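Chemist: I'm passing along start.txt; it holds compact mmCIF, C-alpha atoms.
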# COMPACT_ATOMS: atom_id res chain seq x y z
CA MET A 1 0.00 0.00 0.00
CA CYS A 2 1.20 3.49 -0.83
CA GLY A 3 2.59 5.21 2.27
CA ALA A 4 3.46 2.06 4.19
CA THR A 5 5.63 2.90 7.16
CA LYS A 6 8.34 0.28 6.68
CA GLY A 7 8.24 -0.54 10.36
CA GLY A 8 8.34 3.12 11.33
CA LEU A 9 6.00 5.20 13.48
CA SER A 10 2.32 4.29 13.30
CA LEU A 11 0.16 6.52 11.11
CA GLU A 12 -3.00 5.26 12.79
CA GLY A 13 -5.45 8.10 13.30
CA VAL A 14 -3.72 10.36 10.76
CA ASP A 15 -5.53 11.20 7.52
CA VAL A 16 -2.49 10.75 5.28
CA ALA A 17 -4.42 11.93 2.20
CA LYS A 18 -4.62 15.44 3.75
CA GLU A 19 -1.03 15.59 4.97
CA SER A 20 2.41 15.97 3.39
CA VAL A 21 4.35 13.62 5.62
CA ILE A 22 8.14 13.45 5.86
CA GLN A 23 9.44 10.68 8.08
CA GLY A 24 12.37 8.35 8.45
CA VAL A 25 15.00 6.87 10.68
CA VAL A 26 18.41 8.05 11.94
CA THR A 27 21.16 5.43 12.14
CA LYS A 28 24.85 5.28 12.96
CA GLY A 29 26.56 2.15 11.70
CA ASP A 30 23.77 -0.42 11.87
CA GLN A 31 22.25 1.04 15.02
CA PRO A 32 19.25 3.37 15.31
CA VAL A 33 20.06 6.67 17.06
CA GLY A 34 17.42 7.33 19.71
CA ASN A 35 18.84 10.60 21.05
CA ALA A 36 19.18 12.60 17.83
CA TYR A 37 17.38 15.83 16.97
CA VAL A 38 15.97 16.31 13.47
CA ARG A 39 15.28 19.87 12.32
CA LEU A 40 13.03 20.66 9.35
CA LEU A 41 14.20 23.71 7.39
CA ASP A 42 12.12 25.31 4.65
CA ARG A 43 13.23 26.14 1.10
CA THR A 44 14.97 29.31 2.34
CA GLY A 45 16.80 27.44 5.09
CA GLU A 46 14.47 28.83 7.77
CA PHE A 47 13.74 26.60 10.75
CA THR A 48 10.23 25.16 10.68
CA ALA A 49 10.15 22.37 13.27
CA GLU A 50 12.31 20.00 15.28
CA VAL A 51 11.68 16.60 16.83
CA PRO A 52 13.78 14.23 18.93
CA THR A 53 14.04 10.74 17.47
CA SER A 54 12.17 7.87 19.12
CA ALA A 55 13.98 5.01 20.85
CA THR A 56 14.01 3.28 17.46
CA GLY A 57 15.55 6.31 15.75
CA HIS A 58 12.35 7.35 13.98
CA PHE A 59 11.03 10.86 13.31
CA ARG A 60 8.08 12.43 11.48
CA PHE A 61 6.93 15.84 10.20
CA PHE A 62 3.64 17.06 8.77
CA ALA A 63 5.04 19.49 6.24
CA ALA A 64 3.53 21.34 3.29
CA PRO A 65 4.19 20.31 -0.32
CA GLY A 66 7.60 21.51 -1.47
CA GLU A 67 11.35 21.20 -0.95
CA TRP A 68 12.70 20.82 2.56
CA THR A 69 15.99 20.15 4.32
CA LEU A 70 16.35 17.77 7.25
CA ARG A 71 19.21 18.73 9.59
CA THR A 72 20.19 16.05 12.09
CA LEU A 73 22.15 16.72 15.30
CA ALA A 74 23.30 13.96 17.65
CA PRO A 75 25.84 13.60 20.45
CA LYS A 76 29.40 12.96 19.26
CA SER A 77 28.35 13.19 15.59
CA ASP A 78 28.73 15.73 12.81
CA THR A 79 25.59 17.53 11.66
CA VAL A 80 24.03 15.91 8.56
CA ASP A 81 21.75 17.73 6.07
CA ARG A 82 19.42 15.81 3.71
CA GLN A 83 17.13 17.27 1.01
CA VAL A 84 13.60 15.94 0.63
CA VAL A 85 10.48 16.79 -1.42
CA ALA A 86 7.09 16.56 0.30
CA GLN A 87 3.84 15.93 -1.58
CA LYS A 88 0.27 15.96 -0.30
CA GLY A 89 -1.02 12.44 0.27
CA VAL A 90 2.46 10.93 0.03
CA VAL A 91 4.70 9.76 2.87
CA ALA A 92 8.29 10.74 1.99
CA GLU A 93 10.71 8.31 3.65
CA VAL A 94 14.22 9.54 4.47
CA ALA A 95 17.05 7.43 5.89
CA VAL A 96 19.65 9.58 7.69
CA ALA A 97 23.04 7.94 8.27
CA LEU A 98 25.38 9.72 10.70
CA MET B 1 16.38 41.45 34.16
CA SER B 2 19.38 40.52 32.13
CA ARG B 3 21.20 37.49 30.78
CA ASP B 4 23.25 37.27 34.02
CA THR B 5 20.18 36.85 36.22
CA ALA B 6 17.76 35.02 33.90
CA LEU B 7 19.95 32.43 32.23
CA VAL B 8 22.30 29.71 33.51
CA SER B 9 24.62 27.38 31.63
CA ALA B 10 24.69 23.58 31.71
CA ASP B 11 28.03 23.80 33.57
CA TRP B 12 26.43 26.00 36.22
CA VAL B 13 23.59 23.52 36.68
CA GLU B 14 26.02 20.61 37.03
CA GLN B 15 27.89 22.53 39.72
CA HIS B 16 24.67 23.23 41.65
CA LEU B 17 22.98 19.82 41.44
CA ASP B 18 23.25 19.30 45.20
CA ASP B 19 22.25 22.81 46.26
CA PRO B 20 19.04 22.35 48.33
CA ASN B 21 17.75 25.85 47.51
CA ILE B 22 17.85 25.28 43.77
CA VAL B 23 14.91 23.41 42.26
CA LEU B 24 15.32 22.04 38.75
CA VAL B 25 12.02 21.82 36.89
CA GLU B 26 11.58 20.01 33.56
CA VAL B 27 8.69 21.06 31.32
CA ASP B 28 8.31 19.42 27.90
CA GLU B 29 5.89 19.50 25.05
CA ASP B 30 6.32 15.72 25.01
CA THR B 31 5.15 15.13 28.56
CA THR B 32 6.68 11.65 28.63
CA ALA B 33 10.24 12.92 28.04
CA TYR B 34 10.95 13.40 31.76
CA ASP B 35 10.03 9.79 32.50
CA LYS B 36 12.59 8.54 29.98
CA GLY B 37 15.37 10.37 31.85
CA HIS B 38 15.87 13.75 33.48
CA ILE B 39 18.56 15.81 35.18
CA ARG B 40 19.20 14.45 38.66
CA GLY B 41 16.94 16.04 41.26
CA ALA B 42 14.61 17.64 38.72
CA ILE B 43 10.86 17.65 39.25
CA LYS B 44 8.36 17.52 36.40
CA LEU B 45 5.56 19.89 35.51
CA ASP B 46 3.07 18.69 32.90
CA TRP B 47 1.94 21.75 30.94
CA THR B 48 -1.30 20.06 29.84
CA THR B 49 -2.49 18.79 33.23
CA ASP B 50 -0.58 20.85 35.82
CA LEU B 51 -0.63 24.31 34.24
CA GLN B 52 -3.94 24.41 32.33
CA ASP B 53 -7.45 24.63 33.75
CA GLN B 54 -9.05 21.34 32.75
CA VAL B 55 -12.45 22.86 31.87
CA ARG B 56 -12.07 26.43 30.62
CA ARG B 57 -9.29 27.56 28.28
CA ASP B 58 -7.20 29.38 30.87
CA PHE B 59 -4.43 28.89 33.38
CA ILE B 60 -4.89 27.37 36.80
CA ASN B 61 -5.78 30.07 39.33
CA LYS B 62 -3.64 31.43 42.16
CA ALA B 63 -4.91 28.92 44.72
CA GLN B 64 -4.34 26.01 42.32
CA PHE B 65 -0.81 27.24 41.53
CA GLU B 66 -0.08 27.46 45.27
CA LYS B 67 -1.36 23.92 45.76
CA LEU B 68 0.65 22.64 42.80
CA LEU B 69 3.97 24.15 43.89
CA SER B 70 3.41 23.17 47.52
CA SER B 71 2.81 19.55 46.51
CA LYS B 72 5.92 19.60 44.30
CA GLY B 73 8.05 20.87 47.19
CA VAL B 74 8.86 24.34 45.83
CA SER B 75 9.31 27.19 48.34
CA ASN B 76 8.92 30.89 47.71
CA ASP B 77 12.60 31.54 48.34
CA ASP B 78 13.87 28.69 46.15
CA THR B 79 15.74 29.41 42.96
CA VAL B 80 13.72 27.70 40.21
CA VAL B 81 15.74 26.59 37.18
CA LEU B 82 13.59 25.55 34.24
CA TYR B 83 14.61 23.41 31.29
CA GLY B 84 12.89 21.30 28.68
CA GLY B 85 12.80 19.95 25.16
CA ASN B 86 11.98 21.77 21.94
CA ASN B 87 14.66 24.37 22.59
CA ASN B 88 13.03 25.33 25.90
CA TRP B 89 9.67 26.34 24.37
CA PHE B 90 7.66 24.99 27.26
CA ALA B 91 10.33 25.77 29.83
CA ALA B 92 10.18 29.40 28.69
CA TYR B 93 6.41 29.19 28.89
CA ALA B 94 6.71 27.92 32.48
CA TYR B 95 9.26 30.67 33.23
CA TRP B 96 6.73 33.27 32.07
CA TYR B 97 4.06 31.47 34.12
CA PHE B 98 6.20 31.55 37.29
CA LYS B 99 6.75 35.29 36.67
CA LEU B 100 3.01 35.74 36.11
CA TYR B 101 2.41 34.42 39.63
CA GLY B 102 5.26 36.47 41.09
CA HIS B 103 8.00 33.92 41.80
CA GLN B 104 11.11 36.00 42.45
CA ASP B 105 14.05 33.88 41.42
CA VAL B 106 13.50 31.98 38.17
CA LYS B 107 16.14 31.02 35.66
CA LEU B 108 16.28 29.15 32.37
CA LEU B 109 18.92 26.55 31.50
CA ASP B 110 20.50 27.80 28.26
CA GLY B 111 19.90 25.23 25.52
CA GLY B 112 17.55 23.17 27.67
CA ARG B 113 17.34 19.43 27.43
CA LYS B 114 18.75 19.29 23.90
CA LYS B 115 22.01 21.01 24.78
CA TRP B 116 22.31 18.79 27.87
CA GLU B 117 21.84 15.66 25.73
CA LEU B 118 24.11 16.81 22.89
CA ASP B 119 26.82 17.41 25.53
CA SER B 120 26.29 13.76 26.65
CA ARG B 121 25.60 14.94 30.21
CA GLU B 122 24.01 12.58 32.72
CA LEU B 123 20.27 11.86 32.79
CA THR B 124 18.63 9.62 35.37
CA ASP B 125 15.27 7.95 35.84
CA ASP B 126 15.54 8.07 39.65
CA ALA B 127 12.42 9.50 41.26
CA THR B 128 12.80 12.92 42.89
CA GLN B 129 11.39 13.36 46.39
CA ARG B 130 10.84 16.81 47.86
CA GLU B 131 9.10 17.69 51.11
CA GLN B 132 5.71 19.37 50.85
CA THR B 133 5.91 23.15 51.26
CA SER B 134 3.44 25.97 51.84
CA TYR B 135 3.82 28.10 48.72
CA THR B 136 2.22 31.55 48.44
CA ALA B 137 1.68 33.02 44.97
CA GLN B 138 1.01 36.65 44.02
CA GLU B 139 -1.95 37.86 41.98
CA GLN B 140 -1.31 37.50 38.24
CA ASP B 141 1.02 40.17 36.87
CA LYS B 142 -1.11 41.30 33.92
CA SER B 143 1.71 43.60 32.75
CA ILE B 144 3.23 40.56 30.99
CA ARG B 145 0.01 38.93 29.70
CA ALA B 146 -1.95 40.24 26.69
CA PHE B 147 -5.62 39.50 25.97
CA ARG B 148 -7.44 39.59 22.64
CA ASP B 149 -8.97 43.09 22.80
CA GLU B 150 -5.58 44.58 23.57
CA VAL B 151 -4.10 42.69 20.62
CA VAL B 152 -6.71 44.04 18.21
CA GLU B 153 -6.04 47.59 19.53
CA ALA B 154 -2.31 47.04 19.07
CA ILE B 155 -2.63 46.67 15.29
CA GLY B 156 -0.62 49.53 13.81
CA ALA B 157 0.04 50.99 17.29
CA LYS B 158 2.39 48.60 19.09
CA ASN B 159 4.96 46.09 17.97
CA LEU B 160 3.28 42.78 17.20
CA VAL B 161 5.80 39.98 16.81
CA ASP B 162 4.57 36.75 15.24
CA VAL B 163 7.15 34.15 16.20
CA ARG B 164 5.78 31.23 14.17
CA SER B 165 7.57 29.81 11.16
CA PRO B 166 7.28 31.75 7.87
CA ASP B 167 4.89 29.13 6.45
CA GLU B 168 2.55 29.47 9.43
CA TYR B 169 2.77 33.30 9.27
CA ALA B 170 1.89 33.30 5.59
CA GLY B 171 -0.94 30.82 6.08
CA ARG B 172 0.65 27.91 4.24
CA LEU B 173 0.72 25.81 7.43
CA LEU B 174 -1.67 25.97 10.40
CA ALA B 175 0.59 24.37 13.00
CA PRO B 176 4.26 23.56 13.52
CA ALA B 177 5.29 20.85 11.10
CA HIS B 178 5.68 18.15 13.74
CA LEU B 179 1.96 18.35 14.45
CA PRO B 180 -0.99 17.32 12.22
CA GLN B 181 -2.30 20.28 10.23
CA GLU B 182 -6.02 19.62 10.59
CA GLN B 183 -7.31 22.72 12.41
CA ALA B 184 -10.58 24.63 12.35
CA GLN B 185 -9.41 28.22 12.51
CA ARG B 186 -8.32 30.49 9.66
CA ALA B 187 -4.70 30.67 8.53
CA GLY B 188 -2.60 33.84 8.28
CA HIS B 189 -1.38 36.52 10.69
CA ILE B 190 -2.43 39.72 12.50
CA PRO B 191 -2.02 42.82 10.29
CA THR B 192 1.23 44.76 10.90
CA ALA B 193 2.83 41.86 12.82
CA ALA B 194 6.50 41.31 12.06
CA ASN B 195 7.47 37.70 11.47
CA VAL B 196 10.49 36.89 13.62
CA PRO B 197 10.44 33.11 14.10
CA TRP B 198 11.46 32.21 17.65
CA SER B 199 14.22 30.09 16.13
CA LYS B 200 16.04 33.22 14.93
CA ALA B 201 16.92 33.83 18.58
CA ALA B 202 18.52 30.43 19.09
CA ASN B 203 21.51 28.54 17.83
CA ASP B 204 21.14 25.01 16.42
CA ASP B 205 21.96 23.55 19.85
CA GLY B 206 19.15 25.55 21.45
CA THR B 207 21.29 28.13 23.27
CA PHE B 208 20.40 31.79 22.87
CA LYS B 209 22.32 34.04 20.52
CA SER B 210 24.28 36.99 21.93
CA ASP B 211 22.50 40.18 22.98
CA GLU B 212 24.07 42.03 20.05
CA GLU B 213 22.85 39.45 17.54
CA LEU B 214 19.39 39.41 19.11
CA LYS B 215 19.04 43.20 19.07
CA GLN B 216 20.01 43.25 15.40
CA ILE B 217 17.52 40.52 14.44
CA TYR B 218 14.51 42.35 15.90
CA THR B 219 15.69 45.74 14.68
CA GLU B 220 16.01 44.45 11.11
CA ALA B 221 12.51 42.93 11.36
CA GLY B 222 11.12 46.38 12.12
CA VAL B 223 10.65 46.25 15.89
CA ASP B 224 10.43 49.83 17.17
CA TRP B 225 12.28 49.85 20.50
CA GLY B 226 10.34 52.94 21.58
CA LYS B 227 7.03 51.06 21.50
CA ASP B 228 5.45 48.37 23.67
CA THR B 229 5.53 44.85 22.26
CA ILE B 230 3.17 41.88 22.17
CA ALA B 231 4.50 38.49 21.07
CA TYR B 232 2.27 35.67 19.86
CA CYS B 233 2.51 32.27 18.18
CA ARG B 234 -0.05 29.45 17.92
CA ILE B 235 -0.78 28.58 21.56
CA GLY B 236 1.56 30.93 23.46
CA GLU B 237 4.58 28.77 24.20
CA ARG B 238 6.97 29.71 21.39
CA SER B 239 6.06 33.35 22.04
CA SER B 240 7.11 32.83 25.67
CA HIS B 241 10.56 32.05 24.27
CA THR B 242 10.57 35.39 22.42
CA TRP B 243 9.04 37.20 25.43
CA PHE B 244 11.97 35.81 27.43
CA VAL B 245 14.44 37.17 24.87
CA LEU B 246 12.92 40.65 24.69
CA LYS B 247 12.04 41.12 28.36
CA GLU B 248 14.54 39.01 30.29
CA LEU B 249 17.64 38.97 28.08
CA LEU B 250 17.39 42.35 26.35
CA GLY B 251 15.64 44.04 29.28
CA GLU B 252 12.84 45.72 27.32
CA GLU B 253 10.26 47.27 29.65
CA ASN B 254 6.80 46.60 28.26
CA VAL B 255 6.65 43.20 26.61
CA LYS B 256 3.58 40.96 26.84
CA ASN B 257 2.90 37.41 25.77
CA TYR B 258 -0.46 36.78 24.08
CA ASP B 259 -1.17 33.24 25.24
CA GLY B 260 -4.45 33.07 23.30
CA SER B 261 -2.26 33.46 20.23
CA TRP B 262 -3.29 32.29 16.77
CA THR B 263 -5.63 29.54 17.96
CA GLU B 264 -7.73 32.30 19.54
CA TYR B 265 -7.16 35.18 17.11
CA GLY B 266 -7.61 32.98 14.04
CA SER B 267 -11.00 31.90 15.37
CA LEU B 268 -12.35 35.39 16.22
CA VAL B 269 -15.28 36.69 14.19
CA GLY B 270 -14.73 39.95 12.35
CA VAL B 271 -11.06 40.66 13.06
CA PRO B 272 -8.65 41.49 10.22
CA VAL B 273 -6.33 38.75 8.96
CA VAL B 274 -3.48 38.95 6.45
CA ILE B 275 -2.46 36.03 4.22
CA GLY B 276 0.98 35.91 2.64
CA ASP B 277 4.50 37.00 3.52
CA GLU B 278 3.80 40.77 3.81
CA LYS B 279 2.90 42.42 7.12
CA GLY B 280 -0.22 44.09 5.77
CA GLU B 281 -1.81 47.44 6.66
CA ALA B 282 -3.47 48.57 9.88
Show me the file's structure as structure tokens.
Modeler:
Amino acid sequence: MCGATKGGLSLEGVDVAKESVIQGVVTKGDQPVGNAYVRLLDRTGEFTAEVPTSATGHFRFFAAPGEWTLRTLAPKSDTVDRQVVAQKGVVAEVAVAL
Amino acid sequence: MSRDTALVSADWVEQHLDDPNIVLVEVDEDTTAYDKGHIRGAIKLDWTTDLQDQVRRDFINKAQFEKLLSSKGVSNDDTVVLYGGNNNWFAAYAYWYFKLYGHQDVKLLDGGRKKWELDSRELTDDATQREQTSYTAQEQDKSIRAFRDEVVEAIGAKNLVDVRSPDEYAGRLLAPAHLPQEQAQRAGHIPTAANVPWSKAANDDGTFKSDEELKQIYTEAGVDWGKDTIAYCRIGERSSHTWFVLKELLGEENVKNYDGSWTEYGSLVGVPVVIGDEKGEA
């Protein structure tokens, strides 16, 4: 099914058709990073939102359609930026490797 | 107030962990964060259940605040040091709340929980026990709290600072992007409000920028330092962060937080609303 979560956070109770979801997982080596912070920056680089990752390294944003940057900060790691395009009704999956 | 009295560093907190007159208080948007680990000795305040009236949309009253702090073991002469997630949004909100009820000595941990975690400092899940106290609050200090009529009158007369993200200001999003966007109220912003996202005041690690940088950011956004200022966001917590910057770090005299914020203003009948990136006319 389109928008399956690949074992990520549950989308139960969320009307995915109305949302532009960006979600994914932060890993280092083969391990999920549960104490990372993922920042969502808009097309001009302006901060829009930030979430801590779950114990399994997962994160999620309800963005608007368009181009975004995910900036990931974690202890003892360099900051990593990833570009992503969000579309209404589509769950954009992003894997962030530190 | 100034940076020296309102803000403490993570190092300072580590050095004062065993000081009995300093009470660490964690306040998070994610109210389960504390239970997954907190700074040793910290107590938890839940902004949804502890700080909000559970029937009306308003804060708990003076008697309820006294009961809450007494049960948590906070005394009037304690130094309260607040910290939390989301770059201290809700810790700043609690700071403003403590000031609203007249607590004398309140400080914010610079960078909050994020900075503490990124520094790999110790968190514990040990329960914190504090003896019951008999806390006495003051009447609400309305000089730091704005209500809707005052906000409407401030259009074109006072500084209005909308601290939400540019997409929320322009009406492209109705809520921060980590929350579902399904909301009833109208999108947009209050006419003449400058958009200075709260995040402009903070570094990536959540610490505040220098006073010089802060002053420049608000000046460039059109804040008139000779006028009174009202800050707002969606529900009043991010604007507490900006209220803290303007009032407590930069020492501006007349700064209010509009806790009704966009979820109230955007639902009012008959008030002017501007869509798009421009401030709009009074």
Chemist: Per residue of chain A within 9 Å of chain B, which atom pair is closest and at what distance in Å (one decimal), using all atoms listed in the file, listed by chain and increasing number, as a Markdown table?
Modeler:
| residue | atom | partner | partner_atom | distance |
| --- | --- | --- | --- | --- |
| A:Val14 | CA | B:Pro180 | CA | 7.6 |
| A:Asp15 | CA | B:Pro180 | CA | 9.0 |
| A:Lys18 | CA | B:Glu182 | CA | 8.1 |
| A:Glu19 | CA | B:Gln181 | CA | 7.2 |
| A:Asn35 | CA | B:Glu117 | CA | 7.5 |
| A:Ala36 | CA | B:Leu118 | CA | 8.2 |
| A:Tyr37 | CA | B:Lys114 | CA | 7.9 |
| A:Arg39 | CA | B:Asp204 | CA | 8.8 |
| A:Leu40 | CA | B:Ala177 | CA | 7.9 |
| A:Asp42 | CA | B:Asp167 | CA | 8.4 |
| A:Glu46 | CA | B:Ser165 | CA | 7.8 |
| A:Phe47 | CA | B:Ser199 | CA | 6.4 |
| A:Thr48 | CA | B:Ser165 | CA | 5.4 |
| A:Ala49 | CA | B:Ala177 | CA | 5.5 |
| A:Glu50 | CA | B:Asn86 | CA | 6.9 |
| A:Val51 | CA | B:His178 | CA | 6.9 |
| A:Pro52 | CA | B:Asn86 | CA | 8.3 |
| A:Arg60 | CA | B:His178 | CA | 6.6 |
| A:Phe61 | CA | B:His178 | CA | 4.4 |
| A:Phe62 | CA | B:Ala177 | CA | 4.7 |
| A:Ala63 | CA | B:Ala177 | CA | 5.1 |
| A:Ala64 | CA | B:Leu173 | CA | 6.7 |
| A:Leu73 | CA | B:Leu118 | CA | 7.8 |
| A:Ala74 | CA | B:Leu118 | CA | 6.0 |
| A:Pro75 | CA | B:Leu118 | CA | 4.4 |
| A:Lys76 | CA | B:Leu118 | CA | 7.5 |
Chemist: Which polymer residues, protein or nucleic acid, are no farther than 12 Å from (26.6, 22.7, 35.8), counting all atoms listed in the file, as a PyMOL selection string?
Modeler: chain B and resi 8-19+24+39-40+81+109-110+116+119+121-122
Chemist: List the neighbours of Ile155 in chain B out to 9 Å using only C-alpha atoms; skip same-chain residues closer than 4 positions along the sequence, and give me the result as a list in words.
Modeler: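 After dropping sequence-adjacent residues, the list is Val151, Asn159, Leu160, Ile190, Pro191, Thr192, Ala193, Glu281 and Ala282 of chain B.
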Chemist: Go ahead and write the selection's residues with C-alpha atoms as a CSV table (one decimal), keeping the file's coordinate frame.
Modeler:
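For reference, selection-v8.csv as written:
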chain,number,residue,atom,x,y,z
B,151,VAL,CA,-4.1,42.7,20.6
B,159,ASN,CA,5.0,46.1,18.0
B,160,LEU,CA,3.3,42.8,17.2
B,190,ILE,CA,-2.4,39.7,12.5
B,191,PRO,CA,-2.0,42.8,10.3
B,192,THR,CA,1.2,44.8,10.9
B,193,ALA,CA,2.8,41.9,12.8
B,281,GLU,CA,-1.8,47.4,6.7
B,282,ALA,CA,-3.5,48.6,9.9
Chemist: Using only C-alpha atoms, determine which residues lie at most 9 Å from range 252-268 of chain B, disregarding the query and same-chain residues fewer than 5 positions distant; provide the list as a PyMOL selection string.
Modeler: chain B and resi 1+57-58+96+142-148+151-152+183-190+225+227-237+239-240+242-243+246-247+273
Chemist: Go through B:Arg3, B:Arg130, B:Lys215, B:His241 and flag the residue nearest Gly112 in chain B, using only C-alpha atoms for the distances.
Modeler: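 With only C-alpha atoms as the atom set, the closest residue is B:His241.
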Chemist: As lines of an AutoDock Vina configuration file, please: the centre and edge lengths in Å, to one decimal, of an axis-aligned box enclosing every listed atom of range 247-256 of chain B with 3 Å added on each side.
Modeler:
center_x = 10.6
center_y = 43.1
center_z = 28.3
size_x = 20.1
size_y = 14.3
size_z = 9.9
Chemist: Skipping near chain neighbours, those fewer than 6 positions away, what residues fall within 7 Å of range 80-93 of chain A using all atoms listed in the file, listed as a ChimeraX atom specification?
Modeler: /A:3,16-24,63-72
